[in-house]
$ cat target-v4.cif   # mmCIF, C-alpha atoms (C1' of nucleotides)
data_structure
loop_
_atom_site.group_PDB
_atom_site.id
_atom_site.type_symbol
_atom_site.label_atom_id
_atom_site.label_comp_id
_atom_site.auth_asym_id
_atom_site.auth_seq_id
_atom_site.Cartn_x
_atom_site.Cartn_y
_atom_site.Cartn_z
ATOM 1 C CA MET W 1 12.358 0.978 30.558
ATOM 2 C CA ALA W 2 11.868 4.657 31.128
ATOM 3 C CA THR W 3 8.259 5.651 31.446
ATOM 4 C CA VAL W 4 7.422 7.174 28.143
ATOM 5 C CA ALA W 5 4.914 9.931 28.048
ATOM 6 C CA TYR W 6 2.605 9.117 25.229
ATOM 7 C CA GLN W 7 -0.361 11.278 24.699
ATOM 8 C CA ILE W 8 -0.782 10.907 20.993
ATOM 9 C CA ASN W 9 -4.245 10.879 19.697
ATOM 10 C CA LYS W 10 -4.535 7.565 17.960
ATOM 11 C CA GLU W 11 -7.350 8.778 15.779
ATOM 12 C CA LYS W 12 -5.307 11.707 14.648
ATOM 13 C CA LEU W 13 -2.569 9.421 13.478
ATOM 14 C CA GLU W 14 -4.972 7.149 11.713
ATOM 15 C CA LYS W 15 -6.411 10.068 9.867
ATOM 16 C CA ALA W 16 -2.962 11.287 8.956
ATOM 17 C CA ALA W 17 -1.960 7.852 7.702
ATOM 18 C CA PHE W 18 -5.120 7.667 5.659
ATOM 19 C CA ILE W 19 -4.430 10.928 3.910
ATOM 20 C CA LEU W 20 -0.750 10.239 3.465
ATOM 21 C CA LYS W 21 -1.561 6.909 1.895
ATOM 22 C CA THR W 22 -3.793 8.567 -0.632
ATOM 23 C CA VAL W 23 -1.017 10.838 -1.731
ATOM 24 C CA ALA W 24 1.830 8.353 -1.455
ATOM 25 C CA HIS W 25 1.806 7.270 -5.067
ATOM 26 C CA PRO W 26 3.886 8.720 -7.900
ATOM 27 C CA THR W 27 0.956 9.364 -10.200
ATOM 28 C CA ARG W 28 -1.197 10.853 -7.490
ATOM 29 C CA LEU W 29 1.636 13.032 -6.287
ATOM 30 C CA ALA W 30 2.131 14.198 -9.852
ATOM 31 C CA ILE W 31 -1.554 15.077 -9.995
ATOM 32 C CA VAL W 32 -1.256 17.136 -6.841
ATOM 33 C CA ASP W 33 1.815 18.822 -8.204
ATOM 34 C CA LEU W 34 0.176 19.540 -11.537
ATOM 35 C CA LEU W 35 -2.897 20.957 -9.897
ATOM 36 C CA SER W 36 -0.859 23.102 -7.621
ATOM 37 C CA GLN W 37 0.439 24.802 -10.749
ATOM 38 C CA ASN W 38 -2.816 24.866 -12.675
ATOM 39 C CA GLU W 39 -6.074 25.992 -11.164
ATOM 40 C CA LYS W 40 -7.989 23.210 -12.845
ATOM 41 C CA LEU W 41 -7.417 20.574 -15.457
ATOM 42 C CA SER W 42 -9.593 18.130 -17.317
ATOM 43 C CA VAL W 43 -8.999 14.415 -17.129
ATOM 44 C CA ASN W 44 -7.749 14.587 -20.649
ATOM 45 C CA ASP W 45 -5.283 17.349 -19.865
ATOM 46 C CA ILE W 46 -3.830 15.349 -17.050
ATOM 47 C CA CYS W 47 -3.878 12.192 -19.120
ATOM 48 C CA GLY W 48 -1.865 13.914 -21.795
ATOM 49 C CA VAL W 49 0.681 15.392 -19.471
ATOM 50 C CA LEU W 50 1.230 12.356 -17.330
ATOM 51 C CA GLY W 51 0.898 9.801 -20.079
ATOM 52 C CA CYS W 52 -1.394 7.804 -17.881
ATOM 53 C CA GLU W 53 -4.109 5.538 -19.197
ATOM 54 C CA GLN W 54 -7.533 7.212 -19.078
ATOM 55 C CA SER W 55 -9.327 4.662 -16.995
ATOM 56 C CA LEU W 56 -6.514 4.323 -14.522
ATOM 57 C CA LEU W 57 -6.351 8.075 -14.196
ATOM 58 C CA SER W 58 -10.075 8.252 -13.559
ATOM 59 C CA HIS W 59 -9.698 5.738 -10.787
ATOM 60 C CA HIS W 60 -6.983 7.820 -9.199
ATOM 61 C CA LEU W 61 -8.896 11.060 -9.537
ATOM 62 C CA ILE W 62 -12.115 9.678 -8.166
ATOM 63 C CA ASN W 63 -10.260 8.121 -5.289
ATOM 64 C CA MET W 64 -8.611 11.412 -4.439
ATOM 65 C CA LYS W 65 -11.892 13.218 -4.716
ATOM 66 C CA LEU W 66 -13.550 10.704 -2.458
ATOM 67 C CA LYS W 67 -10.916 11.338 0.140
ATOM 68 C CA GLY W 68 -11.408 15.069 -0.047
ATOM 69 C CA ILE W 69 -8.178 16.018 -1.712
ATOM 70 C CA LEU W 70 -9.660 17.008 -5.047
ATOM 71 C CA ARG W 71 -12.934 18.451 -6.224
ATOM 72 C CA SER W 72 -14.420 18.267 -9.691
ATOM 73 C CA GLU W 73 -16.794 20.213 -11.830
ATOM 74 C CA LYS W 74 -18.335 19.131 -15.046
ATOM 75 C CA ASP W 75 -18.323 21.332 -18.112
ATOM 76 C CA GLY W 76 -19.835 19.784 -21.206
ATOM 77 C CA LEU W 77 -17.907 16.716 -22.097
ATOM 78 C CA ASN W 78 -15.094 17.543 -19.743
ATOM 79 C CA VAL W 79 -14.663 17.120 -16.060
ATOM 80 C CA PHE W 80 -12.261 19.526 -14.474
ATOM 81 C CA TYR W 81 -10.431 18.570 -11.350
ATOM 82 C CA SER W 82 -8.826 20.957 -8.925
ATOM 83 C CA LEU W 83 -7.123 20.835 -5.558
ATOM 84 C CA LYS W 84 -9.629 21.024 -2.783
ATOM 85 C CA GLU W 85 -7.059 20.585 -0.070
ATOM 86 C CA ARG W 86 -4.147 22.760 -0.950
ATOM 87 C CA GLU W 87 -2.338 21.826 2.234
ATOM 88 C CA VAL W 88 -1.237 18.597 0.618
ATOM 89 C CA MET W 89 0.987 20.577 -1.725
ATOM 90 C CA LYS W 90 3.190 21.170 1.249
ATOM 91 C CA LEU W 91 3.793 17.474 1.663
ATOM 92 C CA ILE W 92 5.789 17.393 -1.519
ATOM 93 C CA GLU W 93 7.857 20.331 -0.448
ATOM 94 C CA CYS W 94 8.345 18.824 2.977
ATOM 95 C CA ILE W 95 9.534 15.549 1.553
ATOM 96 C CA GLU W 96 11.919 17.272 -0.780
ATOM 97 C CA HIS W 97 13.892 18.454 2.164
ATOM 98 C CA CYS W 98 14.310 14.948 3.416
ATOM 99 C CA ASP W 99 17.547 13.193 2.922
ATOM 100 C CA CYS W 100 16.295 9.640 3.185
ATOM 101 C CA ASN W 101 17.666 6.668 1.336
ATOM 102 C CA TYR W 102 16.117 5.814 -1.948
ATOM 103 C CA MET S 1 -6.459 21.220 -24.252
ATOM 104 C CA ALA S 2 -4.319 24.033 -23.031
ATOM 105 C CA THR S 3 -0.648 23.291 -23.240
ATOM 106 C CA VAL S 4 0.287 22.478 -19.714
ATOM 107 C CA ALA S 5 3.728 23.323 -18.574
ATOM 108 C CA TYR S 6 4.994 20.286 -16.826
ATOM 109 C CA GLN S 7 8.526 20.312 -15.653
ATOM 110 C CA ILE S 8 8.207 18.057 -12.693
ATOM 111 C CA ASN S 9 11.053 15.769 -12.056
ATOM 112 C CA LYS S 10 9.527 12.353 -12.252
ATOM 113 C CA GLU S 11 12.270 10.884 -10.141
ATOM 114 C CA LYS S 12 11.673 13.441 -7.469
ATOM 115 C CA LEU S 13 8.058 12.450 -7.204
ATOM 116 C CA GLU S 14 8.887 8.799 -7.113
ATOM 117 C CA LYS S 15 11.247 9.409 -4.281
ATOM 118 C CA ALA S 16 8.671 11.449 -2.443
ATOM 119 C CA ALA S 17 6.030 8.776 -2.913
ATOM 120 C CA PHE S 18 8.444 6.167 -1.686
ATOM 121 C CA ILE S 19 9.119 8.035 1.520
ATOM 122 C CA LEU S 20 5.508 9.008 2.055
ATOM 123 C CA LYS S 21 4.476 5.405 1.658
ATOM 124 C CA THR S 22 6.873 4.374 4.362
ATOM 125 C CA VAL S 23 5.331 6.799 6.776
ATOM 126 C CA ALA S 24 1.717 6.349 5.707
ATOM 127 C CA HIS S 25 0.819 3.761 8.303
ATOM 128 C CA PRO S 26 -0.671 4.378 11.735
ATOM 129 C CA THR S 27 1.945 2.404 13.630
ATOM 130 C CA ARG S 28 4.832 3.888 11.729
ATOM 131 C CA LEU S 29 3.457 7.374 12.135
ATOM 132 C CA ALA S 30 3.139 6.715 15.840
ATOM 133 C CA ILE S 31 6.767 5.652 15.898
ATOM 134 C CA VAL S 32 7.799 8.878 14.218
ATOM 135 C CA ASP S 33 5.681 10.827 16.636
ATOM 136 C CA LEU S 34 7.077 8.999 19.642
ATOM 137 C CA LEU S 35 10.619 9.490 18.491
ATOM 138 C CA SER S 36 10.059 13.143 17.875
ATOM 139 C CA GLN S 37 9.307 13.431 21.556
ATOM 140 C CA ASN S 38 12.012 11.083 22.824
ATOM 141 C CA GLU S 39 15.567 11.223 21.607
ATOM 142 C CA LYS S 40 15.812 7.465 21.441
ATOM 143 C CA LEU S 41 13.822 4.462 22.491
ATOM 144 C CA SER S 42 14.419 0.740 22.606
ATOM 145 C CA VAL S 43 12.256 -1.677 20.710
ATOM 146 C CA ASN S 44 10.834 -2.746 24.020
ATOM 147 C CA ASP S 45 9.980 0.812 25.027
ATOM 148 C CA ILE S 46 8.103 1.357 21.821
ATOM 149 C CA CYS S 47 6.499 -2.049 22.067
ATOM 150 C CA GLY S 48 5.176 -1.181 25.485
ATOM 151 C CA VAL S 49 3.853 2.202 24.548
ATOM 152 C CA LEU S 50 2.247 1.210 21.301
ATOM 153 C CA GLY S 51 1.075 -2.191 22.378
ATOM 154 C CA CYS S 52 2.462 -3.632 19.197
ATOM 155 C CA GLU S 53 3.683 -7.169 18.869
ATOM 156 C CA GLN S 54 7.489 -7.368 19.097
ATOM 157 C CA SER S 55 8.164 -9.066 15.823
ATOM 158 C CA LEU S 56 5.810 -6.852 13.905
ATOM 159 C CA LEU S 57 7.378 -3.801 15.454
ATOM 160 C CA SER S 58 10.829 -5.035 14.480
ATOM 161 C CA HIS S 59 9.653 -5.369 10.914
ATOM 162 C CA HIS S 60 8.386 -1.818 10.938
ATOM 163 C CA LEU S 61 11.505 -0.410 12.550
ATOM 164 C CA ILE S 62 13.873 -2.211 10.257
ATOM 165 C CA ASN S 63 11.863 -1.132 7.280
ATOM 166 C CA MET S 64 11.991 2.485 8.371
ATOM 167 C CA LYS S 65 15.675 2.240 9.039
ATOM 168 C CA LEU S 66 16.256 0.734 5.644
ATOM 169 C CA LYS S 67 14.523 3.674 4.093
ATOM 170 C CA GLY S 68 16.609 6.161 5.969
ATOM 171 C CA ILE S 69 14.002 7.486 8.324
ATOM 172 C CA LEU S 70 15.397 5.924 11.475
ATOM 173 C CA ARG S 71 18.791 4.960 12.738
ATOM 174 C CA SER S 72 19.642 2.469 15.421
ATOM 175 C CA GLU S 73 22.383 1.818 17.907
ATOM 176 C CA LYS S 74 22.907 -1.258 19.963
ATOM 177 C CA ASP S 75 23.541 -1.103 23.667
ATOM 178 C CA GLY S 76 23.836 -4.439 25.353
ATOM 179 C CA LEU S 77 20.644 -6.336 24.903
ATOM 180 C CA ASN S 78 18.773 -3.320 23.668
ATOM 181 C CA VAL S 79 18.615 -1.636 20.330
ATOM 182 C CA PHE S 80 17.745 2.000 20.458
ATOM 183 C CA TYR S 81 16.053 3.632 17.558
ATOM 184 C CA SER S 82 15.985 7.333 16.864
ATOM 185 C CA LEU S 83 14.814 9.652 14.129
ATOM 186 C CA LYS S 84 17.427 10.052 11.490
ATOM 187 C CA GLU S 85 15.299 12.213 9.300
ATOM 188 C CA ARG S 86 13.581 14.700 11.509
ATOM 189 C CA GLU S 87 11.937 16.388 8.557
ATOM 190 C CA VAL S 88 9.313 13.659 8.517
ATOM 191 C CA MET S 89 7.969 14.967 11.806
ATOM 192 C CA LYS S 90 6.630 17.870 9.823
ATOM 193 C CA LEU S 91 4.483 15.597 7.737
ATOM 194 C CA ILE S 92 2.280 14.869 10.689
ATOM 195 C CA GLU S 93 1.888 18.520 11.468
ATOM 196 C CA CYS S 94 1.237 19.309 7.852
ATOM 197 C CA ILE S 95 -1.482 16.714 7.613
ATOM 198 C CA GLU S 96 -3.132 17.948 10.771
ATOM 199 C CA HIS S 97 -4.000 21.146 9.002
ATOM 200 C CA CYS S 98 -5.754 19.273 6.266
ATOM 201 C CA ASP S 99 -9.462 19.152 6.193
ATOM 202 C CA CYS S 100 -9.891 16.065 4.074
ATOM 203 C CA ASN S 101 -12.644 13.514 4.397
ATOM 204 C CA TYR S 102 -12.010 10.623 6.655
ATOM 205 C "C1'" DT K 1 -30.238 9.904 -34.925
ATOM 206 C "C1'" DT K 2 -25.856 8.189 -35.454
ATOM 207 C "C1'" DA K 3 -21.075 9.040 -34.562
ATOM 208 C "C1'" DT K 4 -17.660 10.890 -31.758
ATOM 209 C "C1'" DT K 5 -15.468 12.313 -27.679
ATOM 210 C "C1'" DA K 6 -14.711 12.499 -22.602
ATOM 211 C "C1'" DT K 7 -15.210 10.286 -18.577
ATOM 212 C "C1'" DA K 8 -16.742 6.627 -15.327
ATOM 213 C "C1'" DT K 9 -17.533 1.976 -13.730
ATOM 214 C "C1'" DG K 10 -16.831 -2.675 -12.250
ATOM 215 C "C1'" DA K 11 -14.910 -7.015 -12.274
ATOM 216 C "C1'" DA K 12 -10.678 -9.651 -12.806
ATOM 217 C "C1'" DA K 13 -5.911 -10.098 -12.521
ATOM 218 C "C1'" DA K 14 -1.560 -8.578 -10.845
ATOM 219 C "C1'" DT K 15 1.160 -6.721 -7.367
ATOM 220 C "C1'" DA K 16 2.463 -4.986 -3.107
ATOM 221 C "C1'" DC K 17 2.104 -4.702 1.864
ATOM 222 C "C1'" DA K 18 1.031 -6.135 6.628
ATOM 223 C "C1'" DT K 19 0.687 -9.626 9.977
ATOM 224 C "C1'" DT K 20 1.615 -13.872 12.232
ATOM 225 C "C1'" DC K 21 4.280 -17.493 13.793
ATOM 226 C "C1'" DA K 22 7.986 -20.237 14.744
ATOM 227 C "C1'" DT K 23 12.614 -19.850 15.453
ATOM 228 C "C1'" DA K 24 17.337 -17.807 15.346
ATOM 229 C "C1'" DT K 25 20.904 -14.862 17.292
ATOM 230 C "C1'" DA K 26 23.226 -12.203 20.570
ATOM 231 C "C1'" DT K 27 23.879 -10.439 25.150
ATOM 232 C "C1'" DT K 28 23.676 -10.650 29.899
ATOM 233 C "C1'" DT K 29 23.008 -12.924 34.408
ATOM 234 C "C1'" DG K 30 23.108 -16.613 37.795
ATOM 235 C "C1'" DC P 1 27.539 -23.159 30.949
ATOM 236 C "C1'" DA P 2 22.406 -22.760 31.301
ATOM 237 C "C1'" DA P 3 18.668 -19.614 31.588
ATOM 238 C "C1'" DA P 4 16.618 -15.428 30.581
ATOM 239 C "C1'" DT P 5 15.904 -11.384 27.908
ATOM 240 C "C1'" DA P 6 15.859 -8.383 23.713
ATOM 241 C "C1'" DT P 7 15.739 -8.262 19.101
ATOM 242 C "C1'" DA P 8 15.816 -10.087 14.308
ATOM 243 C "C1'" DT P 9 14.607 -13.144 10.520
ATOM 244 C "C1'" DG P 10 12.040 -15.543 7.110
ATOM 245 C "C1'" DA P 11 8.446 -18.001 5.304
ATOM 246 C "C1'" DA P 12 3.484 -18.361 5.040
ATOM 247 C "C1'" DT P 13 -0.724 -16.178 5.097
ATOM 248 C "C1'" DG P 14 -3.920 -12.593 4.784
ATOM 249 C "C1'" DT P 15 -5.314 -8.218 3.130
ATOM 250 C "C1'" DA P 16 -5.237 -4.095 0.471
ATOM 251 C "C1'" DT P 17 -3.956 -1.516 -3.507
ATOM 252 C "C1'" DT P 18 -3.032 -0.973 -8.445
ATOM 253 C "C1'" DT P 19 -3.658 -1.983 -12.979
ATOM 254 C "C1'" DT P 20 -6.060 -3.652 -16.933
ATOM 255 C "C1'" DC P 21 -9.803 -4.382 -19.787
ATOM 256 C "C1'" DA P 22 -14.161 -4.298 -21.543
ATOM 257 C "C1'" DT P 23 -17.999 -1.613 -21.447
ATOM 258 C "C1'" DA P 24 -21.308 1.997 -19.868
ATOM 259 C "C1'" DT P 25 -22.888 6.744 -19.734
ATOM 260 C "C1'" DA P 26 -23.379 11.355 -21.040
ATOM 261 C "C1'" DA P 27 -22.641 15.307 -23.968
ATOM 262 C "C1'" DT P 28 -21.906 17.207 -28.264
ATOM 263 C "C1'" DA P 29 -21.485 17.357 -33.295
ATOM 264 C "C1'" DA P 30 -22.525 15.896 -37.959
#
$ encode --input "target-v4.cif" --output "structure tokens"
Amino acid sequence: MATVAYQINKEKLEKAAFILKTVAHPTRLAIVDLLSQNEKLSVNDICGVLGCEQSLLSHHLINMKLKGILRSEKDGLNVFYSLKEREVMKLIECIEHCDCNY
Amino acid sequence: MATVAYQINKEKLEKAAFILKTVAHPTRLAIVDLLSQNEKLSVNDICGVLGCEQSLLSHHLINMKLKGILRSEKDGLNVFYSLKEREVMKLIECIEHCDCNY
DNA sequence: TTATTATATGAAAATACATTCATATATTTG
DNA sequence: CAAATATATGAATGTATTTTCATATAATAA
């Protein structure tokens, strides 16, 4: 075996995997996509557009917020979510250029 | 609720999620990273570098190959894997610029 | 103050994914 | 051909993630 130079930061990869995992779900990707096109949206807005069950959507949103991808602000009855980490938008674009099997 | 323009291709997002999921794992990310720095490596090479159990590594590699991210070629006793879809390298870089919670 | 609406919460059930282990196959070497 | 080496396979197990459901909370409106 050739000696393989390997200087990858293991922590870095674990962090990357952690974030990727959060986004690697059709509904959550759709949320990112939606929020990249709309400054902020209420849970209900998103619910309506995605046709996702309210409680399930809440779980997703809270999870994404917890992981630092989204932020939220309350306004009366509504809670508006927005992209906190706009970098993740690029993931979708990046993947689009892939020519993997599906 | 404001009418939200939503013209996202659902299929596109499902495909993206599918690929992201494949890569969203520390070991598999490390494999991508390794193979972005080395044209091709045998299972054994990777095993040695990552300190990953052979059978588990095989599972990962075959899975990634199945999903079109890697390719493999046999040479005697060895099987060499290489990146088929080099675009995925960019995912790691992209994520690095994120400032999410971890 | 009761009803309504929007969102969150938590536990349970369902599903998917990762890991291990024992073993198979295929190739090379003595 | 037997032994050794590299890789693959598949079933069993363990673990994590997703979904559902019933219900709670909080804000507003009647």
$ atom_distance --input "target-v4.cif" --atom1 "atom CA of S:Glu93" --atom2 "atom CA of S:Ser55"
28.6 Å
$ atom_distance --input "target-v4.cif" --atom1 "atom CA of S:Asn101" --atom2 "atom CA of S:Ala24"
16.1 Å
$ calpha_fit_and_write --input "target-v4.cif" --fixed "chain W" --moving "chain S" --output "short mmCIF file (atom, residue, chain, number, x, y, z; two decimals) with C-alpha atoms, keeping the file's coordinate frame"
data_model
loop_
_atom_site.label_atom_id
_atom_site.label_comp_id
_atom_site.auth_asym_id
_atom_site.auth_seq_id
_atom_site.Cartn_x
_atom_site.Cartn_y
_atom_site.Cartn_z
CA MET S 1 12.03 1.11 30.61
CA ALA S 2 11.55 4.77 31.20
CA THR S 3 7.95 5.76 31.47
CA VAL S 4 7.20 7.30 28.15
CA ALA S 5 4.68 10.03 28.01
CA TYR S 6 2.42 9.19 25.17
CA GLN S 7 -0.54 11.37 24.61
CA ILE S 8 -0.89 10.99 20.91
CA ASN S 9 -4.36 10.87 19.59
CA LYS S 10 -4.56 7.53 17.89
CA GLU S 11 -7.38 8.70 15.69
CA LYS S 12 -5.36 11.65 14.57
CA LEU S 13 -2.57 9.42 13.40
CA GLU S 14 -4.93 7.11 11.64
CA LYS S 15 -6.39 10.01 9.79
CA ALA S 16 -2.96 11.28 8.88
CA ALA S 17 -1.88 7.87 7.65
CA PHE S 18 -5.03 7.60 5.61
CA ILE S 19 -4.38 10.87 3.85
CA LEU S 20 -0.68 10.24 3.41
CA LYS S 21 -1.43 6.89 1.86
CA THR S 22 -3.67 8.52 -0.68
CA VAL S 23 -0.91 10.82 -1.76
CA ALA S 24 1.95 8.34 -1.51
CA HIS S 25 1.92 7.27 -5.13
CA PRO S 26 3.95 8.75 -7.97
CA THR S 27 0.99 9.37 -10.25
CA ARG S 28 -1.14 10.85 -7.53
CA LEU S 29 1.69 13.04 -6.34
CA ALA S 30 2.14 14.22 -9.89
CA ILE S 31 -1.54 15.08 -10.02
CA VAL S 32 -1.22 17.13 -6.86
CA ASP S 33 1.84 18.82 -8.25
CA LEU S 34 0.17 19.55 -11.56
CA LEU S 35 -2.90 20.94 -9.89
CA SER S 36 -0.84 23.12 -7.64
CA GLN S 37 0.42 24.80 -10.76
CA ASN S 38 -2.86 24.88 -12.67
CA GLU S 39 -6.10 25.99 -11.11
CA LYS S 40 -8.02 23.21 -12.78
CA LEU S 41 -7.47 20.58 -15.41
CA SER S 42 -9.65 18.12 -17.26
CA VAL S 43 -9.06 14.42 -17.08
CA ASN S 44 -7.86 14.60 -20.64
CA ASP S 45 -5.38 17.37 -19.86
CA ILE S 46 -3.89 15.37 -17.07
CA CYS S 47 -3.96 12.22 -19.15
CA GLY S 48 -1.97 13.95 -21.83
CA VAL S 49 0.60 15.43 -19.53
CA LEU S 50 1.16 12.38 -17.42
CA GLY S 51 0.81 9.84 -20.16
CA CYS S 52 -1.46 7.82 -17.95
CA GLU S 53 -4.17 5.57 -19.25
CA GLN S 54 -7.60 7.24 -19.07
CA SER S 55 -9.37 4.67 -17.00
CA LEU S 56 -6.54 4.32 -14.55
CA LEU S 57 -6.37 8.07 -14.20
CA SER S 58 -10.10 8.22 -13.53
CA HIS S 59 -9.66 5.69 -10.77
CA HIS S 60 -6.94 7.79 -9.20
CA LEU S 61 -8.87 11.03 -9.51
CA ILE S 62 -12.06 9.62 -8.13
CA ASN S 63 -10.18 8.07 -5.28
CA MET S 64 -8.53 11.37 -4.43
CA LYS S 65 -11.82 13.16 -4.67
CA LEU S 66 -13.44 10.63 -2.41
CA LYS S 67 -10.79 11.29 0.16
CA GLY S 68 -11.28 15.01 0.02
CA ILE S 69 -8.08 15.98 -1.68
CA LEU S 70 -9.61 16.99 -5.00
CA ARG S 71 -12.89 18.41 -6.14
CA SER S 72 -14.42 18.24 -9.57
CA GLU S 73 -16.82 20.20 -11.69
CA LYS S 74 -18.40 19.14 -14.91
CA ASP S 75 -18.42 21.36 -17.95
CA GLY S 76 -19.96 19.82 -21.00
CA LEU S 77 -18.04 16.75 -21.94
CA ASN S 78 -15.19 17.56 -19.63
CA VAL S 79 -14.72 17.12 -15.94
CA PHE S 80 -12.31 19.51 -14.38
CA TYR S 81 -10.45 18.55 -11.28
CA SER S 82 -8.82 20.94 -8.88
CA LEU S 83 -7.09 20.81 -5.53
CA LYS S 84 -9.56 20.99 -2.73
CA GLU S 85 -6.99 20.58 -0.05
CA ARG S 86 -4.07 22.75 -0.94
CA GLU S 87 -2.24 21.82 2.23
CA VAL S 88 -1.14 18.59 0.60
CA MET S 89 1.05 20.57 -1.77
CA LYS S 90 3.28 21.17 1.20
CA LEU S 91 3.90 17.49 1.62
CA ILE S 92 5.90 17.40 -1.56
CA GLU S 93 7.98 20.34 -0.49
CA CYS S 94 8.45 18.86 2.94
CA ILE S 95 9.66 15.59 1.53
CA GLU S 96 12.08 17.31 -0.79
CA HIS S 97 14.05 18.45 2.20
CA CYS S 98 14.42 14.92 3.42
CA ASP S 99 17.64 13.13 2.96
CA CYS S 100 16.37 9.59 3.22
CA ASN S 101 17.70 6.61 1.35
CA TYR S 102 16.13 5.84 -1.94
#
$ interface_residues --input "target-v4.cif" --of "chain K" --to "chain S" --cutoff "12 Å" --atoms "only C-alpha atoms (C1' of nucleotides)" --output "ChimeraX atom specification"
/K:16-23,25-29
$ closest_residue --input "target-v4.cif" --among "S:Cys98, S:Ser82, S:Gly51, S:Asp45" --to "chain P" --atoms "all atoms listed in the file"
S:Asp45
$ closest_atom_pairs --input "target-v4.cif" --of "chain W" --to "chain S" --cutoff "6 Å" --atoms "only C-alpha atoms" --output "JSON lines"
{"residue": "W:Leu13", "atom": "CA", "partner": "S:Pro26", "partner_atom": "CA", "distance": 5.7}
{"residue": "W:Glu14", "atom": "CA", "partner": "S:Pro26", "partner_atom": "CA", "distance": 5.1}
{"residue": "W:Ala16", "atom": "CA", "partner": "S:Ile95", "partner_atom": "CA", "distance": 5.8}
{"residue": "W:Ala17", "atom": "CA", "partner": "S:Ala24", "partner_atom": "CA", "distance": 4.4}
{"residue": "W:Leu20", "atom": "CA", "partner": "S:Ala24", "partner_atom": "CA", "distance": 5.1}
{"residue": "W:Lys21", "atom": "CA", "partner": "S:Ala24", "partner_atom": "CA", "distance": 5.1}
{"residue": "W:Ala24", "atom": "CA", "partner": "S:Ala17", "partner_atom": "CA", "distance": 4.5}
{"residue": "W:His25", "atom": "CA", "partner": "S:Ala17", "partner_atom": "CA", "distance": 5.0}
{"residue": "W:Pro26", "atom": "CA", "partner": "S:Glu14", "partner_atom": "CA", "distance": 5.1}
{"residue": "W:Asp45", "atom": "CA", "partner": "S:Met1", "partner_atom": "CA", "distance": 6.0}
{"residue": "W:Lys67", "atom": "CA", "partner": "S:Asn101", "partner_atom": "CA", "distance": 5.1}
{"residue": "W:Gly68", "atom": "CA", "partner": "S:Cys100", "partner_atom": "CA", "distance": 4.5}
{"residue": "W:Glu87", "atom": "CA", "partner": "S:Cys98", "partner_atom": "CA", "distance": 5.9}
{"residue": "W:Ile95", "atom": "CA", "partner": "S:Ala16", "partner_atom": "CA", "distance": 5.8}
{"residue": "W:Cys98", "atom": "CA", "partner": "S:Glu87", "partner_atom": "CA", "distance": 5.8}
{"residue": "W:Cys100", "atom": "CA", "partner": "S:Gly68", "partner_atom": "CA", "distance": 4.5}
{"residue": "W:Asn101", "atom": "CA", "partner": "S:Gly68", "partner_atom": "CA", "distance": 4.8}
$ closest_residue --input "target-v4.cif" --among "P:DT28, P:DT13, P:DT7, P:DT18" --to "chain S" --atoms "all atoms listed in the file"
P:DT7
$ interface_residues --input "target-v4.cif" --of "chain P" --to "chain S" --cutoff "12 Å" --atoms "all atoms listed in the file" --output "PyMOL selection string"
chain P and resi 4-10
$ resolve_selection --input "target-v4.cif" --expression "the PyMOL selection byres ((chain K and resi 10) around 12)" --output "MDAnalysis selection string"
(chainID W and resid 55 59) or (chainID K and resid 8:9 11:12) or (chainID P and resid 20:24)
$ atom_distance --input "target-v4.cif" --atom1 "atom CA of S:Phe80" --atom2 "atom CA of S:Lys40"
5.9 Å
$ residues_around --input "target-v4.cif" --residues "K:DG30" --least-positions-apart "3" --cutoff "12 Å" --atoms "all atoms listed in the file" --output "list in words"
DC1, DA2, DA3 and DA4 of chain P
$ decode --input "target-v4.cif" --residues "stretch 66-93 of chain S" --atoms "C-alpha atoms" --output "short mmCIF file (atom, residue, chain, number, x, y, z; two decimals), in the first residue's frame"
data_model
loop_
_atom_site.label_atom_id
_atom_site.label_comp_id
_atom_site.auth_asym_id
_atom_site.auth_seq_id
_atom_site.Cartn_x
_atom_site.Cartn_y
_atom_site.Cartn_z
CA LEU S 66 -24.40 2.08 -6.04
CA LYS S 67 -25.45 5.66 -5.70
CA GLY S 68 -23.09 6.83 -8.36
CA ILE S 69 -20.62 8.68 -6.22
CA LEU S 70 -17.76 6.24 -6.60
CA ARG S 71 -16.57 3.86 -9.24
CA SER S 72 -14.35 0.85 -8.81
CA GLU S 73 -11.93 -1.18 -10.84
CA LYS S 74 -10.44 -4.49 -9.96
CA ASP S 75 -6.75 -5.16 -10.23
CA GLY S 76 -5.69 -8.57 -9.08
CA LEU S 77 -6.59 -8.99 -5.47
CA ASN S 78 -7.32 -5.34 -5.00
CA VAL S 79 -10.30 -3.23 -5.83
CA PHE S 80 -9.55 0.39 -6.38
CA TYR S 81 -12.17 2.97 -5.72
CA SER S 82 -12.19 6.47 -7.12
CA LEU S 83 -14.50 9.45 -7.19
CA LYS S 84 -16.93 9.21 -10.01
CA GLU S 85 -18.77 12.33 -9.09
CA ARG S 86 -16.21 14.92 -8.21
CA GLU S 87 -18.86 17.54 -7.63
CA VAL S 88 -19.49 16.08 -4.19
CA MET S 89 -16.06 17.29 -3.11
CA LYS S 90 -17.54 20.75 -3.16
CA LEU S 91 -20.07 19.83 -0.55
CA ILE S 92 -17.38 19.57 2.06
CA GLU S 93 -15.97 22.92 1.13
#
